[in-house]
>>> print(open('input-v4.pdb').read())   # PDB, C-alpha atoms and all ligand atoms
ATOM      1  CA  MET A   1     -34.878 -11.153  -4.820
ATOM      2  CA  PHE A   2     -38.011  -9.000  -4.621
ATOM      3  CA  GLY A   3     -41.357 -10.680  -5.250
ATOM      4  CA  LEU A   4     -44.015  -8.803  -7.157
ATOM      5  CA  GLN A   5     -46.000  -8.281  -3.963
ATOM      6  CA  THR A   6     -43.028  -6.622  -2.313
ATOM      7  CA  VAL A   7     -42.507  -4.449  -5.342
ATOM      8  CA  ARG A   8     -46.154  -3.360  -5.375
ATOM      9  CA  SER A   9     -46.022  -2.396  -1.707
ATOM     10  CA  LEU A  10     -42.715  -0.576  -2.168
ATOM     11  CA  PHE A  11     -44.193   1.206  -5.144
ATOM     12  CA  ALA A  12     -47.217   2.290  -3.137
ATOM     13  CA  MET A  13     -44.953   3.494  -0.338
ATOM     14  CA  SER A  14     -42.805   5.503  -2.687
ATOM     15  CA  LEU A  15     -45.901   7.304  -3.993
ATOM     16  CA  ASN A  16     -47.081   8.151  -0.505
ATOM     17  CA  ASP A  17     -43.778   9.042   1.090
ATOM     18  CA  SER A  18     -42.679  12.594   1.027
ATOM     19  CA  VAL A  19     -39.559  13.192  -0.994
ATOM     20  CA  THR A  20     -36.575  13.306   1.333
ATOM     21  CA  ALA A  21     -33.898  13.951  -1.284
ATOM     22  CA  LEU A  22     -32.467  17.432  -1.500
ATOM     23  CA  PRO A  23     -32.273  18.794  -5.019
ATOM     24  CA  VAL A  24     -28.929  18.356  -6.716
ATOM     25  CA  GLU A  25     -27.169  21.411  -8.083
ATOM     26  CA  ALA A  26     -29.278  23.156 -10.648
ATOM     27  CA  SER A  27     -28.160  22.727 -14.207
ATOM     28  CA  ALA A  28     -29.502  23.672 -17.613
ATOM     29  CA  ALA A  29     -32.484  21.600 -18.682
ATOM     30  CA  PRO A  30     -31.320  18.981 -21.187
ATOM     31  CA  VAL A  31     -32.714  19.051 -24.705
ATOM     32  CA  LEU A  32     -34.404  15.686 -25.093
ATOM     33  CA  SER A  33     -33.964  13.719 -28.258
ATOM     34  CA  ARG A  34     -34.681  10.147 -29.180
ATOM     35  CA  GLN A  35     -31.217   9.607 -30.588
ATOM     36  CA  ALA A  36     -29.613   6.383 -29.412
ATOM     37  CA  ARG A  37     -26.428   6.731 -27.379
ATOM     38  CA  GLU A  38     -23.358   5.366 -29.077
ATOM     39  CA  ILE A  39     -21.545   2.550 -27.325
ATOM     40  CA  GLU A  40     -17.898   3.209 -26.489
ATOM     41  CA  GLY A  41     -17.184  -0.391 -25.532
ATOM     42  CA  ILE A  42     -18.557  -3.556 -23.972
ATOM     43  CA  TYR A  43     -16.112  -4.930 -21.405
ATOM     44  CA  ALA A  44     -16.287  -8.519 -20.145
ATOM     45  CA  ALA A  45     -15.735  -9.035 -16.423
ATOM     46  CA  PRO A  46     -12.031  -8.818 -15.592
ATOM     47  CA  ASN A  47     -10.568 -11.604 -13.449
ATOM     48  CA  LEU A  48     -12.045 -11.624  -9.981
ATOM     49  CA  HIS A  49      -9.764 -10.569  -7.155
ATOM     50  CA  TRP A  50     -10.204 -10.613  -3.395
ATOM     51  CA  VAL A  51     -10.599  -7.422  -1.389
ATOM     52  CA  GLY A  52      -9.556  -8.561   2.062
ATOM     53  CA  ASP A  53     -10.876 -12.098   2.506
ATOM     54  CA  GLY A  54     -14.564 -11.301   2.085
ATOM     55  CA  PHE A  55     -15.133  -9.581  -1.242
ATOM     56  CA  ARG A  56     -14.557 -11.456  -4.481
ATOM     57  CA  VAL A  57     -14.877  -8.677  -7.026
ATOM     58  CA  ALA A  58     -14.323  -7.663 -10.635
ATOM     59  CA  GLY A  59     -12.767  -4.194 -10.897
ATOM     60  CA  TYR A  60     -14.127  -2.957 -14.186
ATOM     61  CA  PHE A  61     -12.481   0.417 -14.554
ATOM     62  CA  SER A  62      -8.996  -1.113 -14.510
ATOM     63  CA  VAL A  63      -9.594  -2.626 -17.962
ATOM     64  CA  ILE A  64     -11.077   0.489 -19.576
ATOM     65  CA  PRO A  65      -8.557   2.762 -21.320
ATOM     66  CA  ASP A  66      -8.735   6.381 -20.119
ATOM     67  CA  ALA A  67     -11.382   5.378 -17.559
ATOM     68  CA  ALA A  68     -10.891   8.461 -15.351
ATOM     69  CA  ARG A  69     -12.005  10.755 -18.180
ATOM     70  CA  LYS A  70     -14.593   8.502 -19.812
ATOM     71  CA  LEU A  71     -16.277   7.599 -16.523
ATOM     72  CA  ASP A  72     -16.030  10.960 -14.711
ATOM     73  CA  PRO A  73     -17.543  11.420 -12.030
ATOM     74  CA  PHE A  74     -17.227   7.684 -11.254
ATOM     75  CA  LEU A  75     -13.822   6.452 -10.054
ATOM     76  CA  LEU A  76     -14.226   2.733  -9.480
ATOM     77  CA  LEU A  77     -16.740  -0.067  -9.779
ATOM     78  CA  ASP A  78     -16.088  -3.299  -7.903
ATOM     79  CA  TYR A  79     -18.769  -5.852  -8.626
ATOM     80  CA  HIS A  80     -19.152  -8.979  -6.521
ATOM     81  CA  PRO A  81     -21.177 -11.421  -8.651
ATOM     82  CA  GLU A  82     -23.344 -13.978  -6.893
ATOM     83  CA  TYR A  83     -21.144 -16.393  -4.944
ATOM     84  CA  VAL A  84     -22.147 -18.852  -2.250
ATOM     85  CA  TYR A  85     -20.050 -18.637   0.910
ATOM     86  CA  SER A  86     -19.794 -21.592   3.263
ATOM     87  CA  PRO A  87     -20.690 -20.973   6.923
ATOM     88  CA  THR A  88     -17.827 -19.753   9.094
ATOM     89  CA  ALA A  89     -17.152 -18.455  12.582
ATOM     90  CA  GLN A  90     -14.383 -16.211  11.176
ATOM     91  CA  ARG A  91     -14.931 -12.567  10.295
ATOM     92  CA  ARG A  92     -14.604 -12.154   6.522
ATOM     93  CA  GLY A  93     -13.922  -8.746   5.067
ATOM     94  CA  VAL A  94     -11.538  -5.793   4.986
ATOM     95  CA  GLY A  95      -9.849  -4.348   8.047
ATOM     96  CA  VAL A  96      -9.447  -0.697   8.979
ATOM     97  CA  HIS A  97      -8.517   1.565   6.064
ATOM     98  CA  PRO A  98      -8.901   5.272   5.210
ATOM     99  CA  HIS A  99     -10.691   7.218   2.466
ATOM    100  CA  ARG A 100     -10.501  10.906   1.543
ATOM    101  CA  GLY A 101     -11.847  13.080  -1.254
ATOM    102  CA  PHE A 102     -14.741  11.025  -2.616
ATOM    103  CA  GLU A 103     -17.746   8.833  -1.771
ATOM    104  CA  THR A 104     -18.125   5.058  -1.522
ATOM    105  CA  VAL A 105     -21.526   3.676  -2.454
ATOM    106  CA  THR A 106     -22.141   0.098  -1.336
ATOM    107  CA  LEU A 107     -25.113  -1.792  -2.753
ATOM    108  CA  ALA A 108     -26.093  -5.156  -1.260
ATOM    109  CA  PHE A 109     -28.245  -7.383  -3.455
ATOM    110  CA  GLN A 110     -27.878 -10.703  -1.614
ATOM    111  CA  GLY A 111     -26.260 -11.266   1.772
ATOM    112  CA  SER A 112     -25.375  -8.543   4.287
ATOM    113  CA  VAL A 113     -22.392  -6.260   4.824
ATOM    114  CA  ALA A 114     -21.554  -4.738   8.198
ATOM    115  CA  HIS A 115     -19.316  -1.719   8.741
ATOM    116  CA  HIS A 116     -17.831   0.423  11.489
ATOM    117  CA  ASP A 117     -16.073   3.751  11.241
ATOM    118  CA  SER A 118     -13.849   6.131  13.171
ATOM    119  CA  ALA A 119     -16.735   8.557  13.761
ATOM    120  CA  GLY A 120     -18.482   5.960  15.910
ATOM    121  CA  GLY A 121     -20.926   4.991  13.181
ATOM    122  CA  GLY A 122     -21.755   1.491  12.074
ATOM    123  CA  GLY A 123     -24.527  -0.553  10.599
ATOM    124  CA  VAL A 124     -25.653  -3.357   8.358
ATOM    125  CA  ILE A 125     -26.339  -3.114   4.644
ATOM    126  CA  GLY A 126     -28.863  -5.876   3.899
ATOM    127  CA  PRO A 127     -30.442  -7.083   0.647
ATOM    128  CA  GLY A 128     -31.757  -4.099  -1.314
ATOM    129  CA  ASP A 129     -30.047  -1.570   0.976
ATOM    130  CA  VAL A 130     -27.431   0.969  -0.054
ATOM    131  CA  GLN A 131     -24.892   2.824   2.034
ATOM    132  CA  TRP A 132     -23.845   6.153   0.546
ATOM    133  CA  MET A 133     -20.739   7.211   2.473
ATOM    134  CA  THR A 134     -19.206  10.597   1.871
ATOM    135  CA  ALA A 135     -15.615  10.180   3.034
ATOM    136  CA  ALA A 136     -14.794  13.785   2.063
ATOM    137  CA  SER A 137     -12.199  15.143   4.578
ATOM    138  CA  GLY A 138     -11.388  11.638   5.765
ATOM    139  CA  ILE A 139     -12.652   8.605   7.572
ATOM    140  CA  LEU A 140     -11.383   5.226   8.721
ATOM    141  CA  HIS A 141     -13.670   2.263   8.357
ATOM    142  CA  LYS A 142     -13.812  -1.523   8.105
ATOM    143  CA  GLU A 143     -16.220  -3.548   6.010
ATOM    144  CA  TYR A 144     -17.073  -7.214   6.443
ATOM    145  CA  HIS A 145     -19.773  -9.859   6.149
ATOM    146  CA  GLU A 146     -22.482  -9.383   8.752
ATOM    147  CA  GLU A 147     -22.022 -11.868  11.603
ATOM    148  CA  LYS A 148     -25.204 -13.928  11.238
ATOM    149  CA  PHE A 149     -24.782 -14.107   7.465
ATOM    150  CA  SER A 150     -21.224 -15.376   8.024
ATOM    151  CA  ARG A 151     -22.395 -18.029  10.478
ATOM    152  CA  ASP A 152     -25.179 -19.247   8.172
ATOM    153  CA  GLY A 153     -23.330 -18.796   4.871
ATOM    154  CA  GLY A 154     -25.227 -18.346   1.625
ATOM    155  CA  ALA A 155     -25.421 -16.373  -1.596
ATOM    156  CA  PHE A 156     -23.709 -12.993  -1.615
ATOM    157  CA  GLN A 157     -23.975 -10.368  -4.349
ATOM    158  CA  MET A 158     -22.999  -6.731  -4.032
ATOM    159  CA  ALA A 159     -21.352  -3.762  -5.721
ATOM    160  CA  GLN A 160     -19.273  -0.824  -4.594
ATOM    161  CA  LEU A 161     -19.079   2.330  -6.635
ATOM    162  CA  TRP A 162     -16.701   5.220  -5.923
ATOM    163  CA  VAL A 163     -18.051   8.652  -6.794
ATOM    164  CA  ASN A 164     -15.725  11.621  -7.039
ATOM    165  CA  LEU A 165     -16.435  14.853  -5.194
ATOM    166  CA  PRO A 166     -16.097  18.308  -6.724
ATOM    167  CA  ARG A 167     -13.060  20.213  -5.385
ATOM    168  CA  ALA A 168     -15.341  22.396  -3.247
ATOM    169  CA  HIS A 169     -16.535  19.355  -1.245
ATOM    170  CA  LYS A 170     -13.402  17.206  -0.974
ATOM    171  CA  LEU A 171     -12.651  18.434   2.545
ATOM    172  CA  SER A 172     -16.252  18.715   3.770
ATOM    173  CA  PRO A 173     -17.215  16.757   6.905
ATOM    174  CA  PRO A 174     -17.878  13.040   6.332
ATOM    175  CA  ARG A 175     -21.513  11.983   6.009
ATOM    176  CA  TYR A 176     -23.461   8.718   5.941
ATOM    177  CA  GLN A 177     -26.682   8.020   4.157
ATOM    178  CA  PRO A 178     -27.950   4.589   5.197
ATOM    179  CA  LEU A 179     -30.604   3.992   2.535
ATOM    180  CA  SER A 180     -32.903   1.058   3.244
ATOM    181  CA  ALA A 181     -34.636  -1.020   0.576
ATOM    182  CA  GLU A 182     -37.977   0.474   1.659
ATOM    183  CA  GLN A 183     -36.743   4.001   0.947
ATOM    184  CA  MET A 184     -35.850   3.353  -2.693
ATOM    185  CA  GLY A 185     -38.050   4.745  -5.412
ATOM    186  CA  VAL A 186     -39.623   1.957  -7.446
ATOM    187  CA  ALA A 187     -41.004   2.459 -10.947
ATOM    188  CA  GLU A 188     -42.920  -0.271 -12.729
ATOM    189  CA  LEU A 189     -41.930  -0.650 -16.380
ATOM    190  CA  PRO A 190     -44.692  -0.462 -18.996
ATOM    191  CA  ASN A 191     -46.336  -3.673 -20.235
ATOM    192  CA  GLY A 192     -45.275  -5.797 -17.279
ATOM    193  CA  SER A 193     -41.639  -5.541 -18.369
ATOM    194  CA  GLY A 194     -40.351  -5.436 -14.791
ATOM    195  CA  TYR A 195     -39.354  -2.624 -12.454
ATOM    196  CA  VAL A 196     -36.590  -0.150 -11.707
ATOM    197  CA  ARG A 197     -35.376   0.611  -8.168
ATOM    198  CA  VAL A 198     -34.083   4.153  -7.980
ATOM    199  CA  VAL A 199     -31.211   4.849  -5.579
ATOM    200  CA  ALA A 200     -30.323   8.295  -6.950
ATOM    201  CA  GLY A 201     -31.946  10.442  -9.606
ATOM    202  CA  GLU A 202     -35.350   9.910 -11.177
ATOM    203  CA  TYR A 203     -37.004   7.298 -13.332
ATOM    204  CA  LEU A 204     -40.577   7.695 -14.568
ATOM    205  CA  ASN A 205     -42.441   8.805 -11.410
ATOM    206  CA  ALA A 206     -39.936   7.422  -8.938
ATOM    207  CA  ARG A 207     -37.180   9.334  -7.205
ATOM    208  CA  GLY A 208     -34.175   7.947  -5.373
ATOM    209  CA  PRO A 209     -33.459   8.899  -1.738
ATOM    210  CA  ALA A 210     -29.716   9.593  -2.132
ATOM    211  CA  ARG A 211     -28.447  13.132  -1.820
ATOM    212  CA  THR A 212     -25.532  13.779  -4.165
ATOM    213  CA  PHE A 213     -23.014  16.602  -4.664
ATOM    214  CA  SER A 214     -23.248  16.555  -8.449
ATOM    215  CA  PRO A 215     -26.063  15.281 -10.686
ATOM    216  CA  ILE A 216     -26.005  11.465 -10.555
ATOM    217  CA  GLY A 217     -28.431   8.678 -11.336
ATOM    218  CA  LEU A 218     -28.116   5.136  -9.977
ATOM    219  CA  PHE A 219     -30.685   2.473 -10.858
ATOM    220  CA  ASP A 220     -31.165  -1.244 -10.171
ATOM    221  CA  ALA A 221     -33.224  -2.395 -13.146
ATOM    222  CA  HIS A 222     -35.047  -5.730 -13.285
ATOM    223  CA  VAL A 223     -36.248  -6.483 -16.811
ATOM    224  CA  ASN A 224     -38.270  -9.630 -17.443
ATOM    225  CA  ALA A 225     -37.516 -11.945 -20.378
ATOM    226  CA  GLY A 226     -39.066 -10.333 -23.457
ATOM    227  CA  GLY A 227     -39.399  -7.008 -21.620
ATOM    228  CA  ARG A 228     -37.949  -3.635 -22.439
ATOM    229  CA  ALA A 229     -36.678  -0.613 -20.522
ATOM    230  CA  GLU A 230     -35.604   2.782 -21.832
ATOM    231  CA  PHE A 231     -33.332   5.290 -20.140
ATOM    232  CA  SER A 232     -32.619   8.759 -21.449
ATOM    233  CA  PHE A 233     -29.799  10.854 -20.032
ATOM    234  CA  PRO A 234     -28.469  14.273 -21.041
ATOM    235  CA  GLU A 235     -25.865  13.939 -23.764
ATOM    236  CA  ARG A 236     -23.198  15.650 -21.615
ATOM    237  CA  ASP A 237     -23.523  12.908 -18.967
ATOM    238  CA  THR A 238     -21.421   9.831 -18.525
ATOM    239  CA  ALA A 239     -23.592   6.723 -18.816
ATOM    240  CA  ALA A 240     -22.946   3.011 -18.340
ATOM    241  CA  VAL A 241     -24.783  -0.244 -17.707
ATOM    242  CA  LEU A 242     -23.481  -3.282 -15.820
ATOM    243  CA  VAL A 243     -25.349  -6.464 -16.731
ATOM    244  CA  MET A 244     -25.526  -8.371 -13.439
ATOM    245  CA  GLN A 245     -27.879 -11.193 -14.475
ATOM    246  CA  GLY A 246     -29.330 -12.418 -17.754
ATOM    247  CA  GLU A 247     -28.818 -11.678 -21.394
ATOM    248  CA  VAL A 248     -29.889  -8.450 -23.087
ATOM    249  CA  THR A 249     -29.708  -6.371 -26.230
ATOM    250  CA  ILE A 250     -28.616  -2.784 -25.506
ATOM    251  CA  ASN A 251     -28.922  -0.299 -28.355
ATOM    252  CA  ALA A 252     -28.751  -3.241 -30.808
ATOM    253  CA  SER A 253     -25.622  -4.808 -29.213
ATOM    254  CA  SER A 254     -25.708  -8.070 -27.260
ATOM    255  CA  ALA A 255     -24.499  -8.153 -23.671
ATOM    256  CA  LYS A 256     -24.556 -10.893 -21.066
ATOM    257  CA  ALA A 257     -24.118 -11.224 -17.316
ATOM    258  CA  GLY A 258     -20.776  -9.738 -16.302
ATOM    259  CA  ASP A 259     -20.554  -7.291 -19.226
ATOM    260  CA  PHE A 260     -20.054  -3.573 -18.583
ATOM    261  CA  VAL A 261     -21.417  -1.338 -21.329
ATOM    262  CA  LEU A 262     -19.884   2.133 -21.507
ATOM    263  CA  PHE A 263     -21.512   4.788 -23.689
ATOM    264  CA  ARG A 264     -20.068   7.825 -25.446
ATOM    265  CA  ARG A 265     -21.385  11.277 -24.645
ATOM    266  CA  GLN A 266     -23.254  11.198 -27.914
ATOM    267  CA  GLY A 267     -26.985  10.593 -28.138
ATOM    268  CA  GLU A 268     -29.229  10.069 -25.135
ATOM    269  CA  LEU A 269     -31.449   7.040 -25.418
ATOM    270  CA  ILE A 270     -30.495   3.644 -23.987
ATOM    271  CA  THR A 271     -32.847   0.804 -24.909
ATOM    272  CA  ILE A 272     -32.568  -2.476 -23.047
ATOM    273  CA  GLU A 273     -34.369  -5.556 -24.368
ATOM    274  CA  ALA A 274     -34.104  -8.642 -22.182
ATOM    275  CA  LYS A 275     -33.643 -12.054 -23.792
ATOM    276  CA  SER A 276     -33.836 -13.679 -20.353
ATOM    277  CA  ASP A 277     -34.746 -12.271 -16.918
ATOM    278  CA  ALA A 278     -32.116  -9.587 -16.360
ATOM    279  CA  GLN A 279     -30.804  -7.380 -13.575
ATOM    280  CA  LEU A 280     -28.776  -4.330 -14.532
ATOM    281  CA  LEU A 281     -27.010  -1.546 -12.689
ATOM    282  CA  VAL A 282     -27.546   1.643 -14.678
ATOM    283  CA  LEU A 283     -25.576   4.786 -13.911
ATOM    284  CA  ASN A 284     -25.309   8.301 -15.221
ATOM    285  CA  GLY A 285     -23.522  11.372 -13.975
ATOM    286  CA  GLU A 286     -22.471  14.825 -15.070
ATOM    287  CA  PRO A 287     -18.669  14.925 -15.431
ATOM    288  CA  ILE A 288     -16.922  17.032 -12.797
ATOM    289  CA  ASN A 289     -14.108  17.891 -15.239
ATOM    290  CA  GLU A 290     -11.449  18.626 -12.602
ATOM    291  CA  PRO A 291      -7.940  17.145 -12.363
ATOM    292  CA  ILE A 292      -7.811  13.771 -10.577
ATOM    293  CA  VAL A 293      -4.795  12.638  -8.574
ATOM    294  CA  GLN A 294      -5.324   9.281  -6.894
ATOM    295  CA  TYR A 295      -3.162   7.406  -4.454
ATOM    296  CA  GLY A 296      -4.985   4.270  -3.297
ATOM    297  CA  PRO A 297      -7.859   5.369  -1.058
ATOM    298  CA  PHE A 298      -7.153   9.107  -1.470
ATOM    299  CA  VAL A 299      -8.541  10.975  -4.484
ATOM    300  CA  MET A 300      -7.651  14.654  -4.698
ATOM    301  CA  ASN A 301      -6.944  17.310  -7.347
ATOM    302  CA  THR A 302      -3.174  17.820  -6.885
ATOM    303  CA  PRO A 303      -0.114  15.802  -5.776
ATOM    304  CA  ALA A 304       0.342  18.240  -2.848
ATOM    305  CA  GLU A 305      -3.154  17.386  -1.599
ATOM    306  CA  ILE A 306      -2.288  13.681  -1.765
ATOM    307  CA  ARG A 307       0.881  14.290   0.298
ATOM    308  CA  GLN A 308      -1.234  16.223   2.799
ATOM    309  CA  ALA A 309      -3.696  13.308   2.997
ATOM    310  CA  MET A 310      -0.826  10.931   3.803
ATOM    311  CA  VAL A 311       0.530  13.281   6.467
ATOM    312  CA  ASP A 312      -2.919  13.754   8.013
ATOM    313  CA  PHE A 313      -3.538   9.997   7.978
ATOM    314  CA  ALA A 314      -0.155   9.322   9.607
ATOM    315  CA  ASN A 315      -0.899  11.961  12.250
ATOM    316  CA  GLY A 316      -4.196  10.389  13.224
ATOM    317  CA  LYS A 317      -6.374  13.145  11.767
ATOM    318  CA  PHE A 318      -8.767  10.538  10.367
ATOM    319  CA  GLY A 319      -9.614   9.419  13.893
ATOM    320  CA  HIS A 320      -9.137   6.028  15.467
ATOM    321  CA  LEU A 321     -10.782   2.644  14.943
ATOM    322  CA  GLU A 322      -9.971  -0.760  16.454
ATOM    323  CA  ASP A 323      -9.362  -3.501  13.867
TER     324      ASP A 323
HETATM  325 MN    MN B   1     -13.610   1.238   2.207
END
>>> encode(input="input-v4.pdb", output="structure tokens")
Amino acid sequence: MFGLQTVRSLFAMSLNDSVTALPVEASAAPVLSRQAREIEGIYAAPNLHWVGDGFRVAGYFSVIPDAARKLDPFLLLDYHPEYVYSPTAQRRGVGVHPHRGFETVTLAFQGSVAHHDSAGGGGVIGPGDVQWMTAASGILHKEYHEEKFSRDGGAFQMAQLWVNLPRAHKLSPPRYQPLSAEQMGVAELPNGSGYVRVVAGEYLNARGPARTFSPIGLFDAHVNAGGRAEFSFPERDTAAVLVMQGEVTINASSAKAGDFVLFRRQGELITIEAKSDAQLLVLNGEPINEPIVQYGPFVMNTPAEIRQAMVDFANGKFGHLED
């Protein structure tokens, strides 16, 4: 998706650009060790399902026992593997729906997603772009294939991650971070092993542009056949790797495209060795450790807060948006 030339220029830009990210909440410096993280499980892609008529996704967390605790602060990962859509004049996607209490992070790898929301915002998430939407107190939006992409058809690959908010921020005002491909930090791996695009957090000398409410790392790693990448996260953090393309060995276990590798909070080091050219989504995050009560698109701390979300939604407090 990104040629080497593009990567070099992005890399140069990331060195020259001033850092726009605000620091995440301060936390104790982790004690670094070289101990490999233990793998909790490797989960094959669950059956694909349609979200609306535009997103053909695998919902990984639904097949992981006790996912809410093991994946805290992450709530959901819908991955849309590469799929070629035929041209159409129809709008493909999901109509107006609400969110409250968390963030939706949409990553486009191939193809383009358009969106509109009840705050009057809207935009296009193109290849390499990420939209970090803080729903917080509540928003209505719709998400669909960008019009020209729909008309032309073509390969589409994307992911949506839901990130929980700490109680203190669940009713904060909504916020958008449209993060373009050019803004991402890019770190070249040693020995020509590939490169890592940094959306949030830090990798080697690169820093991601996303501002987050709790410490989170989100990385799009491209490891060439025969190459190697290492990630080290604090032991207290949740950590996982989604293999999007290729075949790899991760901490001595084999994983292939479609596999989701969840780690225990034991050890720190994650070593990825690529058997073929691989693309991986790597995530880490400090658990929020607060009660989670979810009802569809509302994620709060108590049942009463969920009832309030339903009342507020019914009373139009999330604003208005034409379908
Ligand atoms: Mn949505």
>>> atom_distance(input="input-v4.pdb", atom1="atom CA of Gly316 of chain A", atom2="atom CA of Asn301 of chain A")
21.9 Å
>>> residues_near_ligand(input="input-v4.pdb", ligand="ligand MN 1 (chain B)", cutoff="9 Å", atoms="all atoms listed in the file", output="number ranges by chain")
A: 94-99, 104, 140-143, 297
>>> atom_distance(input="input-v4.pdb", atom1="atom CA of Ala229 of chain A", atom2="atom CA of Arg264 of chain A")
19.3 Å
>>> residues_around(input="input-v4.pdb", residues="segment 156-170 of chain A", least_positions_apart="2", cutoff="8 Å", atoms="all atoms listed in the file", output="number ranges by chain")
A: 72-85, 100-112, 136-137, 154, 172, 213-214, 288, 290, 299-301
>>> residues_around(input="input-v4.pdb", residues="segment 230-243 of chain A", least_positions_apart="2", cutoff="6 Å", atoms="only C-alpha atoms", output="list in words")
Pro30, Leu71, Gln245, Ala257, Gly258, Asp259, Phe260, Val261, Leu262, Phe263, Arg265, Gln266, Gly267, Glu268, Leu269, Ile270, Thr271, Leu280, Leu281, Val282, Leu283, Asn284, Gly285 and Glu286 of chain A
>>> write_last_selection(input="input-v4.pdb", atoms="C-alpha atoms", output="PDB file, keeping the file's coordinate frame")
ATOM      1  CA  PRO A  30     -31.320  18.981 -21.187  1.00  0.00           C
ATOM      2  CA  LEU A  71     -16.277   7.599 -16.523  1.00  0.00           C
ATOM      3  CA  GLN A 245     -27.879 -11.193 -14.475  1.00  0.00           C
ATOM      4  CA  ALA A 257     -24.118 -11.224 -17.316  1.00  0.00           C
ATOM      5  CA  GLY A 258     -20.776  -9.738 -16.302  1.00  0.00           C
ATOM      6  CA  ASP A 259     -20.554  -7.291 -19.226  1.00  0.00           C
ATOM      7  CA  PHE A 260     -20.054  -3.573 -18.583  1.00  0.00           C
ATOM      8  CA  VAL A 261     -21.417  -1.338 -21.329  1.00  0.00           C
ATOM      9  CA  LEU A 262     -19.884   2.133 -21.507  1.00  0.00           C
ATOM     10  CA  PHE A 263     -21.512   4.788 -23.689  1.00  0.00           C
ATOM     11  CA  ARG A 265     -21.385  11.277 -24.645  1.00  0.00           C
ATOM     12  CA  GLN A 266     -23.254  11.198 -27.914  1.00  0.00           C
ATOM     13  CA  GLY A 267     -26.985  10.593 -28.138  1.00  0.00           C
ATOM     14  CA  GLU A 268     -29.229  10.069 -25.135  1.00  0.00           C
ATOM     15  CA  LEU A 269     -31.449   7.040 -25.418  1.00  0.00           C
ATOM     16  CA  ILE A 270     -30.495   3.644 -23.987  1.00  0.00           C
ATOM     17  CA  THR A 271     -32.847   0.804 -24.909  1.00  0.00           C
ATOM     18  CA  LEU A 280     -28.776  -4.330 -14.532  1.00  0.00           C
ATOM     19  CA  LEU A 281     -27.010  -1.546 -12.689  1.00  0.00           C
ATOM     20  CA  VAL A 282     -27.546   1.643 -14.678  1.00  0.00           C
ATOM     21  CA  LEU A 283     -25.576   4.786 -13.911  1.00  0.00           C
ATOM     22  CA  ASN A 284     -25.309   8.301 -15.221  1.00  0.00           C
ATOM     23  CA  GLY A 285     -23.522  11.372 -13.975  1.00  0.00           C
ATOM     24  CA  GLU A 286     -22.471  14.825 -15.070  1.00  0.00           C
TER      25      GLU A 286
END
>>> decode(input="input-v4.pdb", residues="segment 43-80 of chain A", atoms="C-alpha atoms", output="PDB file, in the first residue's frame")
ATOM      1  CA  TYR A  43      -8.078 -16.765  17.877  1.00  0.00           C
ATOM      2  CA  ALA A  44      -8.892 -17.489  14.229  1.00  0.00           C
ATOM      3  CA  ALA A  45     -11.169 -15.006  12.477  1.00  0.00           C
ATOM      4  CA  PRO A  46     -14.785 -15.576  13.501  1.00  0.00           C
ATOM      5  CA  ASN A  47     -17.365 -15.794  10.708  1.00  0.00           C
ATOM      6  CA  LEU A  48     -17.688 -12.533   8.845  1.00  0.00           C
ATOM      7  CA  HIS A  49     -20.899 -10.599   9.348  1.00  0.00           C
ATOM      8  CA  TRP A  50     -22.273  -7.493   7.674  1.00  0.00           C
ATOM      9  CA  VAL A  51     -22.526  -4.182   9.501  1.00  0.00           C
ATOM     10  CA  GLY A  52     -25.173  -2.398   7.475  1.00  0.00           C
ATOM     11  CA  ASP A  53     -24.594  -3.329   3.835  1.00  0.00           C
ATOM     12  CA  GLY A  54     -21.075  -1.937   3.526  1.00  0.00           C
ATOM     13  CA  PHE A  55     -18.841  -3.506   6.153  1.00  0.00           C
ATOM     14  CA  ARG A  56     -18.033  -7.202   6.009  1.00  0.00           C
ATOM     15  CA  VAL A  57     -16.270  -7.716   9.316  1.00  0.00           C
ATOM     16  CA  ALA A  58     -14.965 -10.262  11.799  1.00  0.00           C
ATOM     17  CA  GLY A  59     -15.843  -9.307  15.383  1.00  0.00           C
ATOM     18  CA  TYR A  60     -12.983 -10.799  17.329  1.00  0.00           C
ATOM     19  CA  PHE A  61     -13.900 -10.007  20.902  1.00  0.00           C
ATOM     20  CA  SER A  62     -17.142 -11.988  20.664  1.00  0.00           C
ATOM     21  CA  VAL A  63     -15.165 -15.250  20.547  1.00  0.00           C
ATOM     22  CA  ILE A  64     -12.781 -14.442  23.405  1.00  0.00           C
ATOM     23  CA  PRO A  65     -13.940 -15.598  26.852  1.00  0.00           C
ATOM     24  CA  ASP A  66     -13.962 -12.789  29.436  1.00  0.00           C
ATOM     25  CA  ALA A  67     -12.939 -10.313  26.718  1.00  0.00           C
ATOM     26  CA  ALA A  68     -14.075  -7.215  28.650  1.00  0.00           C
ATOM     27  CA  ARG A  69     -11.535  -7.908  31.401  1.00  0.00           C
ATOM     28  CA  LYS A  70      -8.737  -9.383  29.295  1.00  0.00           C
ATOM     29  CA  LEU A  71      -8.891  -6.628  26.676  1.00  0.00           C
ATOM     30  CA  ASP A  72      -9.598  -3.616  28.929  1.00  0.00           C
ATOM     31  CA  PRO A  73      -9.473  -0.726  27.781  1.00  0.00           C
ATOM     32  CA  PHE A  74     -10.506  -2.083  24.353  1.00  0.00           C
ATOM     33  CA  LEU A  75     -14.186  -2.973  23.887  1.00  0.00           C
ATOM     34  CA  LEU A  76     -14.492  -4.222  20.327  1.00  0.00           C
ATOM     35  CA  LEU A  77     -12.441  -4.943  17.242  1.00  0.00           C
ATOM     36  CA  ASP A  78     -14.231  -5.301  13.916  1.00  0.00           C
ATOM     37  CA  TYR A  79     -11.808  -6.175  11.159  1.00  0.00           C
ATOM     38  CA  HIS A  80     -12.784  -5.927   7.506  1.00  0.00           C
TER      39      HIS A  80
END
